[in-house]
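> Got a file for you: model_21.tsv, TSV, C-alpha atoms.
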chain	number	residue	atom	x	y	z
A	204	TRP	CA	198.20	-131.18	-73.08
A	205	LEU	CA	198.79	-132.77	-69.71
A	206	SER	CA	200.54	-129.62	-68.46
A	207	THR	CA	197.68	-127.39	-69.68
A	208	ASN	CA	195.17	-129.72	-68.09
A	209	LYS	CA	196.91	-129.50	-64.72
A	210	ASP	CA	196.92	-125.69	-64.87
A	211	GLU	CA	193.20	-125.65	-65.64
A	212	ILE	CA	192.54	-128.03	-62.73
A	213	ASN	CA	194.41	-125.73	-60.31
A	214	ILE	CA	192.48	-122.73	-61.60
A	215	LYS	CA	189.17	-124.56	-61.19
A	216	LYS	CA	190.10	-125.67	-57.66
A	217	ASN	CA	190.96	-122.10	-56.65
A	218	ASN	CA	187.75	-120.84	-58.22
A	219	LEU	CA	185.78	-123.54	-56.40
A	220	ASN	CA	187.39	-122.62	-53.06
A	221	LEU	CA	186.54	-118.94	-53.55
A	222	LEU	CA	182.96	-119.73	-54.55
A	223	THR	CA	182.56	-122.10	-51.57
A	224	GLN	CA	183.89	-119.53	-49.11
A	225	LYS	CA	181.59	-116.86	-50.55
A	226	TYR	CA	178.68	-119.30	-50.41
A	227	GLU	CA	179.33	-120.19	-46.74
A	228	LEU	CA	179.55	-116.52	-45.78
A	229	LYS	CA	176.32	-115.68	-47.60
A	230	LYS	CA	174.58	-118.69	-46.10
A	231	GLU	CA	175.75	-117.81	-42.59
A	232	TYR	CA	174.63	-114.20	-43.07
A	233	LEU	CA	171.20	-115.26	-44.31
A	234	ASN	CA	170.77	-117.69	-41.40
A	235	LYS	CA	171.71	-114.91	-38.99
A	236	ILE	CA	169.17	-112.59	-40.60
A	237	ASN	CA	166.46	-115.23	-40.32
A	238	GLU	CA	167.37	-115.97	-36.70
A	239	ASP	CA	167.25	-112.26	-35.83
A	240	LYS	CA	164.01	-111.87	-37.75
A	241	ASP	CA	162.35	-114.83	-35.96
A	242	GLN	CA	163.53	-113.54	-32.58
A	243	LYS	CA	162.26	-110.03	-33.34
A	244	ILE	CA	158.89	-111.36	-34.53
A	245	LYS	CA	158.62	-113.41	-31.33
A	246	GLU	CA	159.35	-110.32	-29.22
A	247	TYR	CA	156.78	-108.29	-31.18
A	248	GLU	CA	154.14	-111.00	-30.77
A	249	GLU	CA	154.81	-111.16	-27.01
A	250	GLN	CA	154.44	-107.38	-26.82
A	251	ILE	CA	151.14	-107.54	-28.73
A	252	GLU	CA	149.84	-110.17	-26.30
A	253	LYS	CA	150.86	-108.04	-23.31
A	254	ASN	CA	149.13	-105.04	-24.89
A	255	ARG	CA	146.02	-107.14	-25.55
A	256	ILE	CA	145.75	-108.04	-21.85
A	257	LYS	CA	146.48	-104.44	-20.85
A	258	LEU	CA	143.90	-103.18	-23.36
A	259	GLU	CA	141.22	-105.46	-21.92
A	260	GLN	CA	141.97	-104.18	-18.42
A	261	VAL	CA	141.92	-100.53	-19.47
A	262	MET	CA	138.70	-100.98	-21.48
A	263	THR	CA	137.03	-102.74	-18.53
A	264	ARG	CA	138.07	-99.93	-16.20
A	265	GLY	CA	136.88	-97.36	-18.74
A	266	ALA	CA	133.47	-99.02	-18.97
A	267	THR	CA	133.21	-99.06	-15.16
A	268	LEU	CA	134.14	-95.39	-14.91
A	269	ARG	CA	131.63	-94.51	-17.63
A	270	GLN	CA	128.86	-96.30	-15.70
A	271	VAL	CA	129.85	-94.57	-12.44
A	272	VAL	CA	129.76	-91.17	-14.16
A	273	SER	CA	126.37	-91.94	-15.71
A	274	ASN	CA	124.85	-92.94	-12.36
A	275	MET	CA	126.31	-89.98	-10.46
A	276	GLU	CA	125.25	-87.45	-13.10
A	277	LYS	CA	121.62	-88.47	-12.54
A	278	THR	CA	122.05	-87.38	-8.92
A	279	LEU	CA	123.95	-84.25	-9.89
A	280	ASN	CA	120.97	-83.10	-11.98
A	281	GLN	CA	119.42	-82.02	-8.65
A	282	ILE	CA	122.04	-79.28	-8.20
A	283	PRO	CA	120.29	-76.52	-10.23
A	284	GLU	CA	117.01	-77.19	-8.42
A	285	LEU	CA	118.72	-77.10	-5.03
A	286	GLU	CA	120.56	-73.88	-5.84
A	287	ALA	CA	117.29	-72.23	-6.89
A	288	LYS	CA	115.57	-73.41	-3.72
A	289	ILE	CA	118.42	-72.11	-1.54
A	290	LYS	CA	118.21	-68.70	-3.21
A	291	ASP	CA	114.48	-68.58	-2.47
A	292	TYR	CA	115.09	-69.57	1.15
A	293	GLN	CA	117.76	-66.89	1.49
A	294	LYS	CA	115.37	-64.25	0.15
A	295	MET	CA	112.68	-65.40	2.57
A	296	GLU	CA	115.23	-65.39	5.37
A	297	THR	CA	116.15	-61.79	4.62
A	298	LYS	CA	112.50	-60.73	4.58
A	299	LEU	CA	111.74	-62.51	7.86
A	300	GLU	CA	114.81	-61.02	9.52
A	301	ASN	CA	113.76	-57.54	8.39
A	302	LYS	CA	110.23	-58.05	9.69
A	303	LEU	CA	111.51	-59.48	12.95
A	304	SER	CA	113.89	-56.57	13.35
A	305	SER	CA	111.03	-54.12	12.78
A	306	ILE	CA	108.79	-55.91	15.29
A	307	LYS	CA	111.54	-55.95	17.90
A	308	LYS	CA	112.13	-52.27	17.32
A	309	ASN	CA	108.43	-51.44	17.80
A	310	LYS	CA	108.19	-53.67	20.82
A	311	ASN	CA	111.23	-52.03	22.34
A	312	PHE	CA	109.65	-48.60	21.73
A	313	TYR	CA	106.48	-49.49	23.61
A	314	GLU	CA	108.43	-51.08	26.40
A	315	HIS	CA	110.61	-48.00	26.98
A	316	ASN	CA	108.44	-45.04	25.90
A	317	ASP	CA	105.18	-43.48	27.22
A	318	ILE	CA	104.84	-40.70	24.62
A	319	CYS	CA	104.23	-41.20	20.91
A	320	SER	CA	107.19	-39.96	18.88
A	321	THR	CA	104.91	-38.82	16.06
A	322	CYS	CA	101.96	-37.04	17.73
A	323	LYS	CA	103.72	-36.29	21.04
A	324	GLN	CA	100.74	-37.59	23.03
A	325	THR	CA	100.81	-39.89	26.01
A	326	ILE	CA	100.35	-43.57	25.16
A	327	ALA	CA	97.62	-45.28	27.16
A	328	GLU	CA	98.91	-48.07	29.39
A	329	ASN	CA	96.29	-50.59	28.24
A	330	PHE	CA	97.16	-49.82	24.60
A	331	LYS	CA	100.87	-50.33	25.33
A	332	ILE	CA	100.16	-53.68	26.99
A	333	GLN	CA	98.00	-54.84	24.09
A	334	GLU	CA	100.58	-53.73	21.46
A	335	ILE	CA	103.44	-55.35	23.32
A	336	LYS	CA	101.41	-58.56	23.61
A	337	LYS	CA	100.62	-58.55	19.87
A	338	LEU	CA	104.19	-57.74	18.95
A	339	THR	CA	105.52	-60.46	21.28
A	340	THR	CA	103.19	-63.05	19.67
A	341	LYS	CA	104.22	-61.89	16.19
A	342	GLU	CA	107.87	-61.91	17.23
A	343	LYS	CA	107.61	-65.50	18.42
A	344	GLU	CA	105.86	-66.58	15.21
A	345	LEU	CA	108.50	-64.93	13.07
A	346	ASP	CA	111.31	-66.23	15.25
A	347	ASP	CA	109.94	-69.79	15.03
A	348	GLY	CA	109.41	-69.43	11.27
A	349	LEU	CA	112.90	-68.01	10.84
A	350	LYS	CA	114.39	-70.84	12.86
A	351	SER	CA	112.50	-73.43	10.81
A	352	LEU	CA	113.58	-71.69	7.61
A	353	LYS	CA	117.20	-71.65	8.76
A	354	ASP	CA	116.99	-75.39	9.49
A	355	LYS	CA	115.63	-76.04	5.99
A	356	LEU	CA	118.24	-73.76	4.46
A	357	LEU	CA	120.99	-75.50	6.40
A	358	ASN	CA	119.70	-78.88	5.27
A	359	GLU	CA	119.52	-77.81	1.61
A	360	GLU	CA	122.99	-76.25	1.76
A	361	SER	CA	124.34	-79.46	3.30
A	362	MET	CA	122.80	-81.49	0.48
A	363	LEU	CA	124.21	-79.05	-2.06
A	364	ASN	CA	127.69	-79.27	-0.54
A	365	LYS	CA	127.57	-83.06	-0.71
A	366	LEU	CA	126.47	-82.92	-4.33
A	367	LYS	CA	129.26	-80.43	-5.06
A	368	GLU	CA	131.74	-82.88	-3.55
A	369	LYS	CA	130.28	-85.59	-5.75
A	370	GLU	CA	130.52	-83.23	-8.70
A	371	ASN	CA	134.24	-82.76	-8.00
A	372	HIS	CA	134.59	-86.52	-7.67
A	373	VAL	CA	132.80	-87.00	-10.98
A	374	TYR	CA	135.17	-84.49	-12.53
A	375	ASP	CA	138.11	-86.56	-11.27
A	376	ILE	CA	136.49	-89.73	-12.61
A	377	LYS	CA	135.92	-88.09	-15.98
A	378	ILE	CA	139.63	-87.24	-16.11
A	379	GLN	CA	140.43	-90.89	-15.33
A	380	TRP	CA	137.92	-91.98	-17.98
A	381	ALA	CA	139.48	-89.63	-20.55
A	382	THR	CA	142.93	-90.92	-19.58
A	383	SER	CA	141.69	-94.47	-20.11
A	384	ASN	CA	140.42	-93.56	-23.57
A	385	ILE	CA	143.79	-92.00	-24.40
A	386	SER	CA	145.52	-95.15	-23.14
A	387	ILE	CA	143.24	-97.31	-25.29
A	388	LYS	CA	144.08	-95.29	-28.39
A	389	GLY	CA	147.77	-95.39	-27.49
A	390	ILE	CA	147.78	-99.18	-27.04
A	391	GLN	CA	145.81	-99.70	-30.26
A	392	SER	CA	148.21	-97.42	-32.12
A	393	GLU	CA	151.22	-99.24	-30.68
A	394	ASN	CA	149.75	-102.62	-31.68
A	395	SER	CA	149.11	-101.36	-35.22
A	396	LYS	CA	152.73	-100.23	-35.51
A	397	THR	CA	153.99	-103.54	-34.07
A	398	LYS	CA	151.85	-105.56	-36.50
A	399	LYS	CA	153.23	-103.44	-39.33
A	400	GLU	CA	156.77	-104.22	-38.14
A	401	ILE	CA	155.94	-107.95	-38.16
A	402	GLU	CA	154.48	-107.57	-41.65
A	403	ASN	CA	157.65	-105.83	-42.80
A	404	LEU	CA	159.82	-108.54	-41.27
A	405	GLY	CA	157.70	-111.16	-43.00
A	406	ASN	CA	158.19	-109.41	-46.31
A	407	THR	CA	160.58	-111.70	-48.23
A	408	LYS	CA	161.72	-109.10	-50.74
A	409	TYR	CA	164.99	-108.42	-48.93
A	410	ASN	CA	165.55	-112.09	-48.08
A	411	ASN	CA	164.83	-113.12	-51.68
A	412	VAL	CA	167.78	-111.04	-52.82
A	413	ASN	CA	170.05	-113.04	-50.53
A	414	VAL	CA	168.39	-116.34	-51.45
A	415	ASP	CA	168.83	-115.59	-55.16
A	416	GLU	CA	172.50	-114.81	-54.61
A	417	ILE	CA	172.96	-118.09	-52.73
A	418	ARG	CA	171.20	-120.04	-55.48
A	419	GLU	CA	173.43	-118.44	-58.07
A	420	LEU	CA	176.47	-119.42	-56.03
A	421	GLU	CA	175.15	-122.98	-55.66
A	422	ASN	CA	174.68	-123.21	-59.42
A	423	SER	CA	178.16	-121.79	-59.99
A	424	ILE	CA	179.67	-124.27	-57.53
A	425	THR	CA	177.85	-127.17	-59.20
A	426	LYS	CA	179.06	-126.01	-62.61
A	427	VAL	CA	182.68	-125.60	-61.46
A	428	LYS	CA	182.59	-129.01	-59.77
A	429	LYS	CA	181.36	-130.57	-63.02
A	430	GLU	CA	184.08	-128.80	-64.99
A	431	LEU	CA	186.70	-129.85	-62.44
A	432	SER	CA	185.48	-133.45	-62.57
A	433	ASP	CA	185.73	-133.41	-66.37
A	434	LEU	CA	189.26	-132.00	-66.17
A	435	ILE	CA	190.31	-134.66	-63.65
A	436	ASN	CA	188.91	-137.35	-65.94
A	437	GLU	CA	190.78	-135.84	-68.86
A	438	LYS	CA	193.95	-135.79	-66.74
A	439	GLU	CA	193.59	-139.49	-66.12
A	440	TYR	CA	193.19	-140.13	-69.85
A	441	TYR	CA	196.21	-137.97	-70.63
A	442	GLU	CA	198.31	-139.77	-68.03
A	443	VAL	CA	197.35	-143.17	-69.45
A	444	ALA	CA	198.06	-142.01	-72.98
A	445	SER	CA	201.38	-140.49	-71.92
A	446	GLY	CA	202.39	-143.68	-70.18
A	447	LEU	CA	201.59	-145.72	-73.25
A	448	LEU	CA	203.69	-143.49	-75.50
A	449	LYS	CA	206.82	-143.68	-73.31
A	450	ASP	CA	209.67	-146.14	-74.01
A	451	THR	CA	208.66	-148.05	-70.97
A	452	GLY	CA	205.11	-148.04	-72.16
A	453	ILE	CA	203.27	-149.96	-74.83
A	454	LYS	CA	206.31	-150.22	-77.15
A	455	THR	CA	208.25	-152.15	-74.52
A	456	GLN	CA	205.30	-154.43	-73.91
A	457	ILE	CA	204.97	-155.18	-77.62
A	458	ILE	CA	208.69	-155.90	-78.02
A	459	LYS	CA	208.78	-158.16	-74.96
A	460	GLN	CA	205.75	-160.07	-76.22
A	461	TYR	CA	206.74	-160.50	-79.87
A	462	LEU	CA	210.59	-160.49	-79.80
A	463	PRO	CA	210.91	-164.26	-79.07
A	464	ILE	CA	208.61	-165.02	-81.99
A	465	ILE	CA	210.55	-162.71	-84.26
A	466	ASN	CA	213.82	-164.34	-83.16
A	467	GLN	CA	212.36	-167.78	-83.71
A	468	LEU	CA	211.16	-166.91	-87.18
A	469	THR	CA	214.45	-165.23	-88.02
A	470	ASN	CA	216.45	-168.27	-86.91
A	471	LYS	CA	214.18	-170.60	-88.88
A	472	TYR	CA	214.61	-168.45	-91.94
A	473	LEU	CA	218.41	-168.39	-91.57
A	474	SER	CA	218.50	-172.18	-91.10
A	475	SER	CA	216.74	-172.73	-94.38
A	476	LEU	CA	219.44	-170.92	-96.29
What do you get writing this file as structure tokens?

Amino acid sequence: WLSTNKDEINIKKNNLNLLTQKYELKKEYLNKINEDKDQKIKEYEEQIEKNRIKLEQVMTRGATLRQVVSNMEKTLNQIPELEAKIKDYQKMETKLENKLSSIKKNKNFYEHNDICSTCKQTIAENFKIQEIKKLTTKEKELDDGLKSLKDKLLNEESMLNKLKEKENHVYDIKIQWATSNISIKGIQSENSKTKKEIENLGNTKYNNVNVDEIRELENSITKVKKELSDLINEKEYYEVASGLLKDTGIKTQIIKQYLPIINQLTNKYLSSL
């Protein structure tokens, strides 16, 4: 029995060592997973905070650009009206130039001709003077009107060019505004993905598998320790019992204790004979 007991103790000790080693490895692995998970969650949360600040900045800029576009578009609404006015001025300019050219032509005829080109008759001097005077007055009126019209046309074209420049600027701002909106969507999308990653890391399904394995190992270790303790106790009982059954054990103690009494009684008995 004692020999069998010792073999069982050695087996239990080996089993306990293997279970303990496996337990320590599993525990270390789980701790590493949790450390990595906590570090990753921290990094994700820092990224979300950075994106939050960036998102606020982009949204503020987007709102500013939107307001700038709104204000400038009110001014740009004048463009169609200006373009129509310029076309009218250009038509009037063409008509005035044609009239002025005709008047100059007639005036030049009277100044350099004495005979009518149509009826071939001599043109009276007084008539020529009067016609040249009328044509000169009309020429000046048309020339002044044309000059005034050109000034107005130049002014309107200048205003239109400035508005066109603003229109190009508004176009650039709209591109920036659209880019801001794309950035906002991109940041929001990135934050959604990052929050999902945090949620996945916080999901204990995978960790529970490892925790359950560790708990099973802990239970197995506790059980083996109990069995080993029982075997060690049994070994102590077997050793005590074995010692008692040896020649140097309980038999010797009994003989040493009772042999003098036996001898005394034996001698007394023999003396009585």
> Set the distance at 12 Å and use only C-alpha atoms: which residues neighbour segment 268-282 of chain A once local chain neighbours fewer than 6 positions away are removed? I'd like the list as a PyMOL selection string.
chain A and resi 261-262+288-289+359-384
> Give as a ChimeraX atom specification each residue that has an atom at most 10 Å from (106.7, -67.0, 4.7) in the file, counting only C-alpha atoms.
/A:292,295-296,298-299,345,348-349,352
> Report as a list in words all protein, DNA and RNA residues lying within 9 Å of segment 247-254 of chain A, evaluated on only C-alpha atoms, omitting residues in the same chain fewer than 5 positions from it.
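With the cut-off at 9 Å, the set is Gln242, Glu259, Ile390, Gln391, Glu393, Asn394, Thr397, Lys398, Glu400 and Ile401 of chain A.
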> So, counting only C-alpha atoms, which residue among A:Ser386, A:Gln324, A:Thr340, A:Asn234 is closest to Leu303 of chain A?
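Of A:Ser386, A:Gln324, A:Thr340, A:Asn234, the one nearest Leu303 of chain A is A:Thr340, counting only C-alpha atoms.
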> Could you please determine the separation between atom CA of Thr223 of chain A and atom CA of Leu420 of chain A in Å, to one decimal place?
8.0 Å
> Which one of A:Gln224, A:Glu246, A:Val427, A:Lys257 sits closest to Gly389 of chain A if you count all atoms listed in the file?
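Among A:Gln224, A:Glu246, A:Val427, A:Lys257, it is A:Lys257 that comes nearest to Gly389 of chain A.
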> Atom CA of Lys396 of chain A and atom CA of Leu258 of chain A, how far apart in Å?
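Separation between atom CA of Leu258 of chain A and atom CA of Lys396 of chain A: 15.3 Å.
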